[in-house]
>>> print(open('work.txt').read())   # compact mmCIF, C-alpha atoms
# COMPACT_ATOMS: atom_id res chain seq x y z
CA MET A 300 25.85 29.34 59.68
CA LEU A 301 22.96 26.92 59.09
CA THR A 302 24.19 23.53 57.94
CA ALA A 303 22.27 21.39 55.45
CA GLU A 304 21.19 19.19 58.37
CA ASP A 305 19.96 22.23 60.34
CA LYS A 306 17.87 23.36 57.37
CA LYS A 307 16.35 19.91 57.00
CA LEU A 308 15.45 19.74 60.70
CA ILE A 309 13.91 23.21 60.65
CA GLN A 310 11.77 22.39 57.64
CA GLN A 311 10.69 19.11 59.24
CA VAL A 312 9.71 20.79 62.49
CA TRP A 313 7.77 23.45 60.65
CA GLY A 314 6.03 20.76 58.63
CA LYS A 315 4.78 19.19 61.86
CA LEU A 316 2.99 22.43 62.72
CA ALA A 317 0.95 22.46 59.51
CA GLY A 318 -2.53 23.64 60.32
CA SER A 319 -1.73 25.01 63.78
CA GLU A 320 0.37 27.98 62.70
CA GLU A 321 -2.16 30.49 63.98
CA ASP A 322 -2.31 28.86 67.41
CA VAL A 323 1.47 28.65 67.59
CA GLY A 324 1.76 32.34 66.74
CA SER A 325 -0.74 33.56 69.24
CA GLU A 326 0.55 31.26 72.00
CA THR A 327 4.12 32.43 71.39
CA LEU A 328 3.10 36.06 71.69
CA TRP A 329 0.91 35.44 74.71
CA ARG A 330 3.75 33.62 76.49
CA MET A 331 6.15 36.43 75.59
CA PHE A 332 3.86 39.11 77.02
CA HIS A 333 3.25 36.98 80.09
CA ALA A 334 6.83 35.84 80.77
CA TYR A 335 8.47 39.15 79.81
CA PRO A 336 6.05 41.95 80.68
CA PRO A 337 8.40 44.68 79.36
CA THR A 338 7.75 43.38 75.84
CA LYS A 339 4.22 44.70 76.16
CA THR A 340 5.66 48.21 75.89
CA TYR A 341 6.14 47.60 72.17
CA PHE A 342 2.39 47.15 71.72
CA PRO A 343 0.72 49.99 73.61
CA HIS A 344 -1.98 50.15 70.94
CA PHE A 345 -2.96 46.48 71.29
CA ASP A 346 -5.61 44.76 73.33
CA LEU A 347 -3.29 42.40 75.15
CA SER A 348 -5.89 40.31 76.93
CA GLN A 349 -5.71 36.56 76.43
CA GLY A 350 -7.14 35.42 73.12
CA SER A 351 -7.52 38.96 71.80
CA ASP A 352 -8.06 39.33 68.07
CA GLN A 353 -4.99 41.53 67.86
CA ILE A 354 -2.73 38.94 69.45
CA ARG A 355 -4.13 36.26 67.17
CA GLY A 356 -3.79 38.49 64.13
CA HIS A 357 -0.27 39.53 64.93
CA GLY A 358 0.75 36.01 65.90
CA LYS A 359 -0.48 34.83 62.52
CA LYS A 360 1.68 37.47 60.80
CA VAL A 361 4.76 36.53 62.79
CA VAL A 362 4.38 32.85 62.00
CA ALA A 363 3.72 33.56 58.32
CA ALA A 364 6.93 35.59 58.20
CA LEU A 365 8.87 32.77 59.83
CA GLY A 366 7.31 30.38 57.34
CA THR A 367 8.56 32.56 54.50
CA ALA A 368 12.00 32.65 56.05
CA ILE A 369 12.01 28.85 56.29
CA LYS A 370 11.20 28.53 52.60
CA ASN A 371 14.19 30.80 51.89
CA LEU A 372 16.84 29.59 54.28
CA ASP A 373 19.54 30.15 51.68
CA ASN A 374 18.70 33.80 51.40
CA LEU A 375 17.27 35.03 54.66
CA SER A 376 18.50 38.56 54.18
CA GLN A 377 16.51 39.07 51.01
CA ALA A 378 13.47 37.11 52.13
CA LEU A 379 13.13 39.21 55.28
CA SER A 380 14.29 42.46 53.72
CA GLU A 381 10.89 44.17 53.79
CA LEU A 382 10.32 43.16 57.39
CA SER A 383 13.76 44.39 58.27
CA ASN A 384 12.93 47.79 56.79
CA LEU A 385 9.58 47.86 58.56
CA HIS A 386 11.09 47.11 61.95
CA ALA A 387 13.91 49.57 61.47
CA TYR A 388 12.20 52.54 59.90
CA ASN A 389 8.54 52.33 60.85
CA LEU A 390 8.66 50.72 64.25
CA LEU A 391 11.14 53.22 65.65
CA ALA A 392 9.74 52.81 69.13
CA VAL A 393 11.61 49.54 69.43
CA LEU A 394 14.61 50.37 71.59
CA SER A 395 16.39 47.10 71.81
CA PRO A 396 15.48 44.92 68.84
CA VAL A 397 17.92 42.10 69.29
CA PHE A 398 17.06 41.85 72.95
CA ALA A 399 13.30 41.82 72.36
CA LEU A 400 13.61 39.27 69.59
CA GLN A 401 15.52 36.96 71.94
CA PHE A 402 12.40 36.78 74.13
CA LEU A 403 10.24 35.98 71.13
CA ALA A 404 12.70 33.25 70.13
CA GLN A 405 12.69 31.74 73.62
CA CYS A 406 8.89 31.67 73.73
CA LEU A 407 8.63 30.14 70.26
CA GLN A 408 11.01 27.39 71.39
CA VAL A 409 8.89 26.79 74.50
CA VAL A 410 5.75 26.50 72.36
CA LEU A 411 7.48 24.05 70.01
CA ALA A 412 8.80 22.04 72.99
CA VAL A 413 5.33 21.93 74.58
CA ARG A 414 3.80 20.65 71.34
CA LEU A 415 6.53 18.29 70.24
CA GLY A 416 7.76 16.89 73.56
CA LYS A 417 10.50 14.32 72.95
CA GLU A 418 10.52 15.16 69.26
CA TYR A 419 12.03 18.49 70.21
CA THR A 420 15.42 16.83 70.30
CA PRO A 421 18.69 18.62 71.12
CA GLU A 422 19.52 18.63 67.39
CA VAL A 423 16.21 20.27 66.49
CA HIS A 424 16.59 22.68 69.40
CA SER A 425 20.03 23.67 68.17
CA ALA A 426 18.84 24.19 64.58
CA VAL A 427 15.85 26.32 65.61
CA ASP A 428 18.03 28.36 67.97
CA LYS A 429 20.48 29.11 65.17
CA PHE A 430 17.63 29.94 62.80
CA MET A 431 16.01 32.40 65.23
CA SER A 432 19.41 34.04 65.84
CA ALA A 433 19.80 34.47 62.10
CA VAL A 434 16.29 35.95 61.79
CA ALA A 435 16.95 38.39 64.64
CA ALA A 436 20.23 39.43 63.04
CA VAL A 437 18.56 40.10 59.68
CA LEU A 438 15.72 42.07 61.25
CA ALA A 439 18.20 44.19 63.18
CA GLU A 440 20.39 44.78 60.12
CA LYS A 441 18.91 48.10 59.16
CA TYR A 442 18.74 49.60 62.63
CA ARG A 443 22.01 51.41 62.40
CA MET B 205 15.50 40.85 97.94
CA VAL B 206 13.36 39.20 95.29
CA HIS B 207 9.65 39.15 95.94
CA TRP B 208 7.81 35.94 95.16
CA SER B 209 4.02 35.88 95.10
CA ALA B 210 2.22 32.92 96.62
CA GLU B 211 1.19 31.87 93.13
CA GLU B 212 4.76 31.96 91.82
CA LYS B 213 5.99 29.89 94.75
CA GLN B 214 3.21 27.39 94.15
CA LEU B 215 3.96 27.15 90.42
CA ILE B 216 7.65 26.58 91.08
CA ALA B 217 7.28 24.09 93.92
CA GLY B 218 4.40 22.31 92.23
CA LEU B 219 6.38 21.61 89.09
CA TRP B 220 9.58 20.86 90.96
CA GLY B 221 7.85 18.07 92.85
CA LYS B 222 7.35 16.28 89.54
CA VAL B 223 10.80 16.87 88.08
CA ASN B 224 13.17 13.93 87.65
CA VAL B 225 16.27 15.83 88.69
CA GLU B 226 18.71 13.33 87.23
CA GLU B 227 17.00 13.19 83.82
CA CYS B 228 16.24 16.88 83.46
CA GLY B 229 19.62 17.95 84.78
CA ALA B 230 21.46 15.65 82.39
CA GLU B 231 19.32 16.79 79.50
CA ALA B 232 19.71 20.50 80.25
CA LEU B 233 23.49 20.31 80.50
CA ALA B 234 23.75 18.14 77.38
CA ARG B 235 21.65 20.64 75.45
CA LEU B 236 23.84 23.51 76.65
CA LEU B 237 26.91 21.74 75.25
CA ILE B 238 25.12 20.90 71.99
CA VAL B 239 23.27 24.15 71.29
CA TYR B 240 26.10 26.41 72.46
CA PRO B 241 29.23 24.41 71.65
CA TRP B 242 31.63 27.01 73.05
CA THR B 243 30.50 25.95 76.53
CA GLN B 244 32.34 22.67 75.97
CA ARG B 245 35.57 24.46 76.82
CA PHE B 246 34.59 24.39 80.46
CA PHE B 247 34.30 20.63 80.38
CA ALA B 248 37.51 19.61 78.66
CA SER B 249 38.09 16.85 81.21
CA PHE B 250 34.75 15.19 80.49
CA GLY B 251 35.98 13.00 77.65
CA ASN B 252 34.03 12.44 74.45
CA LEU B 253 31.95 15.49 73.50
CA SER B 254 32.37 15.01 69.77
CA SER B 255 28.71 14.70 68.76
CA PRO B 256 25.22 15.20 70.20
CA THR B 257 24.96 11.43 70.69
CA ALA B 258 28.31 11.33 72.49
CA ILE B 259 27.35 14.27 74.70
CA ILE B 260 23.94 12.86 75.62
CA GLY B 261 25.47 9.49 76.49
CA ASN B 262 28.49 10.87 78.34
CA PRO B 263 28.30 9.73 81.98
CA LYS B 264 30.23 12.74 83.27
CA VAL B 265 27.80 15.10 81.56
CA ARG B 266 24.88 13.24 83.09
CA ALA B 267 26.41 13.27 86.56
CA HIS B 268 27.30 16.93 86.39
CA GLY B 269 23.89 17.83 85.02
CA LYS B 270 22.32 16.13 88.00
CA LYS B 271 24.62 18.08 90.33
CA VAL B 272 23.71 21.40 88.71
CA LEU B 273 19.98 20.79 88.86
CA THR B 274 20.18 19.49 92.41
CA SER B 275 21.62 22.85 93.38
CA PHE B 276 18.58 24.45 91.77
CA GLY B 277 16.59 22.50 94.30
CA ASP B 278 18.47 24.35 97.04
CA ALA B 279 17.42 27.65 95.50
CA ILE B 280 13.81 26.50 95.43
CA LYS B 281 13.97 25.57 99.12
CA ASN B 282 15.41 29.00 99.84
CA LEU B 283 13.54 31.32 97.50
CA ASP B 284 13.88 34.14 99.98
CA ASN B 285 17.64 33.90 100.08
CA ILE B 286 18.88 32.79 96.71
CA LYS B 287 21.77 35.26 96.91
CA GLY B 288 23.04 33.61 100.09
CA THR B 289 22.48 30.10 98.74
CA TYR B 290 24.69 30.77 95.72
CA SER B 291 27.33 32.96 97.32
CA LYS B 292 30.05 30.31 97.47
CA LEU B 293 29.16 28.88 94.08
CA SER B 294 29.41 32.36 92.61
CA GLU B 295 32.93 32.77 93.91
CA LEU B 296 33.83 29.34 92.58
CA HIS B 297 32.52 30.04 89.09
CA CYS B 298 34.46 33.31 88.99
CA ASP B 299 37.74 32.50 90.72
CA LYS B 300 38.31 28.86 89.84
CA LEU B 301 36.12 28.06 86.84
CA HIS B 302 36.32 31.40 84.97
CA VAL B 303 32.86 31.08 83.47
CA ASP B 304 31.29 34.10 81.76
CA PRO B 305 28.00 34.67 83.61
CA GLU B 306 26.19 35.01 80.29
CA ASN B 307 26.36 31.21 80.16
CA PHE B 308 24.15 30.95 83.27
CA ARG B 309 21.42 32.79 81.42
CA LEU B 310 21.77 30.38 78.49
CA LEU B 311 21.51 27.35 80.76
CA GLY B 312 18.46 28.85 82.45
CA ASP B 313 16.65 29.31 79.14
CA ILE B 314 17.55 25.77 78.13
CA LEU B 315 16.19 24.42 81.41
CA VAL B 316 12.88 26.17 80.70
CA ILE B 317 12.73 24.54 77.27
CA VAL B 318 13.52 21.11 78.75
CA LEU B 319 10.71 21.54 81.29
CA ALA B 320 8.36 22.61 78.48
CA SER B 321 9.17 19.50 76.48
CA HIS B 322 8.63 17.24 79.51
CA PHE B 323 5.48 18.81 80.88
CA GLY B 324 3.75 19.90 77.68
CA ARG B 325 0.53 21.81 78.25
CA ASP B 326 1.04 21.66 82.04
CA PHE B 327 3.90 24.11 81.45
CA THR B 328 1.44 26.97 81.17
CA PRO B 329 2.38 30.58 80.39
CA ALA B 330 2.01 31.38 84.11
CA CYS B 331 4.33 28.51 84.92
CA GLN B 332 6.83 29.71 82.33
CA PHE B 333 6.75 33.19 83.85
CA ALA B 334 7.58 31.88 87.32
CA TRP B 335 10.37 29.67 86.02
CA GLN B 336 11.88 32.32 83.75
CA LYS B 337 11.96 34.55 86.82
CA LEU B 338 13.60 31.81 88.88
CA VAL B 339 16.33 31.03 86.34
CA SER B 340 16.99 34.72 85.94
CA VAL B 341 17.34 35.21 89.72
CA VAL B 342 19.65 32.19 89.96
CA ALA B 343 21.81 33.45 87.08
CA HIS B 344 22.00 36.83 88.75
CA ALA B 345 22.97 35.30 92.10
CA LEU B 346 25.70 33.25 90.45
CA ALA B 347 27.11 36.37 88.82
CA ARG B 348 26.95 38.44 91.98
CA LYS B 349 30.35 37.62 93.46
CA TYR B 350 32.28 38.23 90.27
CA HIS B 351 35.06 40.74 90.45
>>> encode(input="work.txt", output="C-alpha cells")
Amino acid sequence: MLTAEDKKLIQQVWGKLAGSEEDVGSETLWRMFHAYPPTKTYFPHFDLSQGSDQIRGHGKKVVAALGTAIKNLDNLSQALSELSNLHAYNLLAVLSPVFALQFLAQCLQVVLAVRLGKEYTPEVHSAVDKFMSAVAAVLAEKYR
Amino acid sequence: MVHWSAEEKQLIAGLWGKVNVEECGAEALARLLIVYPWTQRFFASFGNLSSPTAIIGNPKVRAHGKKVLTSFGDAIKNLDNIKGTYSKLSELHCDKLHVDPENFRLLGDILVIVLASHFGRDFTPACQFAWQKLVSVVAHALARKYH
C-alpha cells in the first residue's frame, strides 16, 4: 500500500516536526474535539478545556504512537499491535473506531498543513493520508 | 434547515474574502485526483492525468477546480438555503455524472486542508469547525437529489 516514495515523504515530514511533537498532538486533539464535538463522547473522564493537562498528555501519547508507527512502516501491524488490543478490548466504549479515527486523521493533516504551508505538497498529503488509513485499519483489526 | 451562528457566518465569510478562488479551487481538485486516484475516472476527457505534476499543471483541472470552488461561493452567499442552491447540481451529479456522493465528502476535507496550508495559524480550530460544517452541509445538499 505505501510505496517507497510514500515512506520517504512520511519520514521527512515527521522529521520536520522534531521538537514540536507535543504541540502537534495536543493541537490535533483540540481541533478534533472542536471540529467534531461527538468525538468528545469518547473522553467523558477528561478535562476537555483548551490546554488541559489531559489533552496535552494524551496528545503526546498519540504522537508518540504515530512516531513508532513511522519507524516501523514495513510492519505496522506488529508495531501497533498492543495499541490495537488496547483500543479493541479495553476501550470498548468506542462504537465506531474507523469513523472516529478518520476525524483524528483529518485534524492531524490540518495541523501539518497549518505548520508546513506549501511544504505540505499534494504528494506529502497523499502519503500521510495513506499512512493514517493504514494506522486506522490496524487499530480496528481486533474489533471483530 | 441548517442553523448558522453569527460567529460561524463571520468565520466563513471572513476567510472566504481572502481566498483566491482560482488557486484554491485548482489545488483542491488536483489534490482530489492525486490523493484519491479513483476520482480520475470522472475526468477521463481532461487529458494528461498521469502524474501529480501533470495533474497540477493540467489546464482543464485548473479551470474545473475554479468552477467548483466558485459554486462554493454561491453556497456562502446563501447559507440559509444551501439545499436550494445545489438542487440542480445534485440532480446533475446523480443523473448525468454518476458520482458517488462519498466523493463530495472527500473533496470537502481536502478543501479544508488546502485552506489550512494557505492560511496557517489564521485557520484556527474555530475556523476549521465552521468550514468542516460548511463542506459537510454542501456535500449533503449535493447528495440530496440522488435516487
>>> residues_around(input="work.txt", residues="stretch 413-416 of chain A", least_positions_apart="3", cutoff="7 Å", atoms="all atoms listed in the file", output="PyMOL selection string")
(chain A and resi 409-410+419) or (chain B and resi 320-322+324-325)
>>> residues_around(input="work.txt", residues="B:Leu273", least_positions_apart="3", cutoff="9 Å", atoms="all atoms listed in the file", output="JSON, numbers by chain")
{"B": [225, 226, 228, 229, 230, 232, 268, 269, 270, 276, 277]}
>>> interface_residues(input="work.txt", of="chain B", to="chain A", cutoff="10 Å", atoms="only C-alpha atoms", output="NGL selection string")
:B and (231-232 or 234-241 or 256-257 or 260 or 313-314 or 316-337)
>>> atom_distance(input="work.txt", atom1="atom CA of B:Glu295", atom2="atom CA of B:Arg348")
8.5 Å
>>> residues_around(input="work.txt", residues="B:Lys292", least_positions_apart="6", cutoff="12 Å", atoms="only C-alpha atoms", output="ChimeraX atom specification")
/B:275,286,298-300,345-350
>>> atom_distance(input="work.txt", atom1="atom CA of A:Lys359", atom2="atom CA of A:Glu320")
6.9 Å
>>> closest_residue(input="work.txt", among="A:Ala363, A:Ile354, A:Leu385, A:Leu400", to="A:Ala317", atoms="all atoms listed in the file")
A:Ala363
>>> residues_around(input="work.txt", residues="B:Val206", least_positions_apart="6", cutoff="9 Å", atoms="all atoms listed in the file", output="JSON, numbers by chain")
{"B": [283, 284, 285, 286, 341]}
>>> residues_near_point(input="work.txt", point="(10.4, 29.1, 53.3)", cutoff="12 Å", atoms="all atoms listed in the file", output="number ranges by chain")
A: 306-307, 309-311, 313-314, 362-375, 377-379, 430
>>> write_last_selection(input="work.txt", atoms="C-alpha atoms", output="compact mmCIF listing (two decimals), in the frame of the given file")
# COMPACT_ATOMS: atom_id res chain seq x y z
CA LYS A 306 17.87 23.36 57.37
CA LYS A 307 16.35 19.91 57.00
CA ILE A 309 13.91 23.21 60.65
CA GLN A 310 11.77 22.39 57.64
CA GLN A 311 10.69 19.11 59.24
CA TRP A 313 7.77 23.45 60.65
CA GLY A 314 6.03 20.76 58.63
CA VAL A 362 4.38 32.85 62.00
CA ALA A 363 3.72 33.56 58.32
CA ALA A 364 6.93 35.59 58.20
CA LEU A 365 8.87 32.77 59.83
CA GLY A 366 7.31 30.38 57.34
CA THR A 367 8.56 32.56 54.50
CA ALA A 368 12.00 32.65 56.05
CA ILE A 369 12.01 28.85 56.29
CA LYS A 370 11.20 28.53 52.60
CA ASN A 371 14.19 30.80 51.89
CA LEU A 372 16.84 29.59 54.28
CA ASP A 373 19.54 30.15 51.68
CA ASN A 374 18.70 33.80 51.40
CA LEU A 375 17.27 35.03 54.66
CA GLN A 377 16.51 39.07 51.01
CA ALA A 378 13.47 37.11 52.13
CA LEU A 379 13.13 39.21 55.28
CA PHE A 430 17.63 29.94 62.80
>>> atom_distance(input="work.txt", atom1="atom CA of B:Val223", atom2="atom CA of B:Val342")
17.8 Å
>>> axis_aligned_box(input="work.txt", around="stretch 211-225 of chain B", padding_each_side="8 Å", output="lines of an AutoDock Vina configuration file")
center_x = 8.7
center_y = 22.9
center_z = 91.2
size_x = 31.1
size_y = 34.0
size_z = 23.1
>>> closest_residue(input="work.txt", among="B:Ala267, B:Phe308, B:Gly261, B:Gly218", to="B:Ser294", atoms="only C-alpha atoms")
B:Phe308
>>> residues_around(input="work.txt", residues="stretch 432-442 of chain A", least_positions_apart="5", cutoff="6 Å", atoms="all atoms listed in the file", output="CSV table (one decimal) with C-alpha atoms, in the frame of the given file")
chain,number,residue,atom,x,y,z
A,376,SER,CA,18.5,38.6,54.2
A,383,SER,CA,13.8,44.4,58.3
A,387,ALA,CA,13.9,49.6,61.5
>>> closest_residue(input="work.txt", among="B:Asp278, B:Asn262, B:Thr243, B:Ser254", to="B:Asn307", atoms="all atoms listed in the file")
B:Thr243
>>> residues_near_point(input="work.txt", point="(31.8, 27.6, 79.6)", cutoff="7 Å", atoms="all atoms listed in the file", output="PDB file with C-alpha atoms, in the coordinates of the input")
ATOM      1  CA  TRP B 242      31.630  27.010  73.050  1.00  0.00           C
ATOM      2  CA  THR B 243      30.500  25.950  76.530  1.00  0.00           C
ATOM      3  CA  GLN B 244      32.340  22.670  75.970  1.00  0.00           C
ATOM      4  CA  ARG B 245      35.570  24.460  76.820  1.00  0.00           C
ATOM      5  CA  PHE B 246      34.590  24.390  80.460  1.00  0.00           C
ATOM      6  CA  VAL B 303      32.860  31.080  83.470  1.00  0.00           C
ATOM      7  CA  ASP B 304      31.290  34.100  81.760  1.00  0.00           C
ATOM      8  CA  ASN B 307      26.360  31.210  80.160  1.00  0.00           C
TER       9      ASN B 307
END
>>> decode(input="work.txt", residues="stretch 405-416 of chain A", atoms="all heavy atoms", output="short mmCIF file (atom, residue, chain, number, x, y, z; two decimals), in the first residue's frame")
data_model
loop_
_atom_site.label_atom_id
_atom_site.label_comp_id
_atom_site.auth_asym_id
_atom_site.auth_seq_id
_atom_site.Cartn_x
_atom_site.Cartn_y
_atom_site.Cartn_z
N GLN A 405 -8.01 13.58 9.83
CA GLN A 405 -8.26 14.86 9.17
C GLN A 405 -7.63 16.00 9.97
O GLN A 405 -6.98 16.88 9.40
CB GLN A 405 -9.78 15.09 9.02
CG GLN A 405 -10.20 16.47 8.55
CD GLN A 405 -9.90 16.76 7.09
OE1 GLN A 405 -9.33 15.93 6.36
NE2 GLN A 405 -10.26 17.95 6.62
N CYS A 406 -7.79 15.97 11.28
CA CYS A 406 -7.26 17.06 12.11
C CYS A 406 -5.74 17.04 12.14
O CYS A 406 -5.11 18.10 12.15
CB CYS A 406 -7.84 17.00 13.52
SG CYS A 406 -9.59 17.45 13.50
N LEU A 407 -5.14 15.86 12.13
CA LEU A 407 -3.68 15.81 12.07
C LEU A 407 -3.20 16.43 10.76
O LEU A 407 -2.24 17.22 10.74
CB LEU A 407 -3.18 14.36 12.16
CG LEU A 407 -1.66 14.22 12.00
CD1 LEU A 407 -0.92 14.84 13.19
CD2 LEU A 407 -1.25 12.75 11.86
N GLN A 408 -3.89 16.13 9.68
CA GLN A 408 -3.50 16.69 8.38
C GLN A 408 -3.63 18.22 8.39
O GLN A 408 -2.79 18.93 7.84
CB GLN A 408 -4.39 16.13 7.26
CG GLN A 408 -4.19 14.64 7.06
CD GLN A 408 -3.90 14.29 5.63
OE1 GLN A 408 -3.10 14.95 4.96
NE2 GLN A 408 -4.56 13.25 5.12
N VAL A 409 -4.70 18.72 9.02
CA VAL A 409 -4.87 20.17 9.11
C VAL A 409 -3.72 20.79 9.89
O VAL A 409 -3.14 21.80 9.48
CB VAL A 409 -6.24 20.54 9.74
CG1 VAL A 409 -6.29 22.01 10.14
CG2 VAL A 409 -7.37 20.22 8.77
N VAL A 410 -3.35 20.17 11.00
CA VAL A 410 -2.25 20.69 11.82
C VAL A 410 -0.94 20.70 11.01
O VAL A 410 -0.18 21.68 11.02
CB VAL A 410 -2.07 19.88 13.12
CG1 VAL A 410 -0.79 20.25 13.84
CG2 VAL A 410 -3.27 20.11 14.04
N LEU A 411 -0.69 19.62 10.29
CA LEU A 411 0.52 19.56 9.46
C LEU A 411 0.48 20.64 8.37
O LEU A 411 1.48 21.31 8.11
CB LEU A 411 0.67 18.17 8.83
CG LEU A 411 0.92 17.00 9.79
CD1 LEU A 411 0.97 15.67 9.05
CD2 LEU A 411 2.22 17.20 10.57
N ALA A 412 -0.70 20.81 7.75
CA ALA A 412 -0.83 21.81 6.68
C ALA A 412 -0.63 23.22 7.23
O ALA A 412 0.03 24.05 6.60
CB ALA A 412 -2.20 21.69 6.01
N VAL A 413 -1.17 23.48 8.43
CA VAL A 413 -1.01 24.79 9.06
C VAL A 413 0.47 25.08 9.29
O VAL A 413 0.97 26.16 9.01
CB VAL A 413 -1.78 24.85 10.40
CG1 VAL A 413 -1.27 25.98 11.29
CG2 VAL A 413 -3.27 25.03 10.15
N ARG A 414 1.19 24.05 9.79
CA ARG A 414 2.60 24.26 10.12
C ARG A 414 3.52 24.27 8.92
O ARG A 414 4.51 24.98 8.90
CB ARG A 414 3.06 23.14 11.08
CG ARG A 414 2.63 23.42 12.47
CD ARG A 414 2.68 22.18 13.37
NE ARG A 414 2.15 22.56 14.66
CZ ARG A 414 2.92 22.99 15.66
NH1 ARG A 414 4.21 23.04 15.54
NH2 ARG A 414 2.35 23.36 16.80
N LEU A 415 3.18 23.47 7.91
CA LEU A 415 4.12 23.31 6.80
C LEU A 415 3.76 24.14 5.56
O LEU A 415 4.58 24.29 4.65
CB LEU A 415 4.22 21.83 6.41
CG LEU A 415 4.76 20.93 7.54
CD1 LEU A 415 4.69 19.46 7.15
CD2 LEU A 415 6.21 21.29 7.88
N GLY A 416 2.54 24.66 5.50
CA GLY A 416 2.15 25.52 4.38
C GLY A 416 2.40 24.84 3.05
O GLY A 416 1.98 23.72 2.80
#
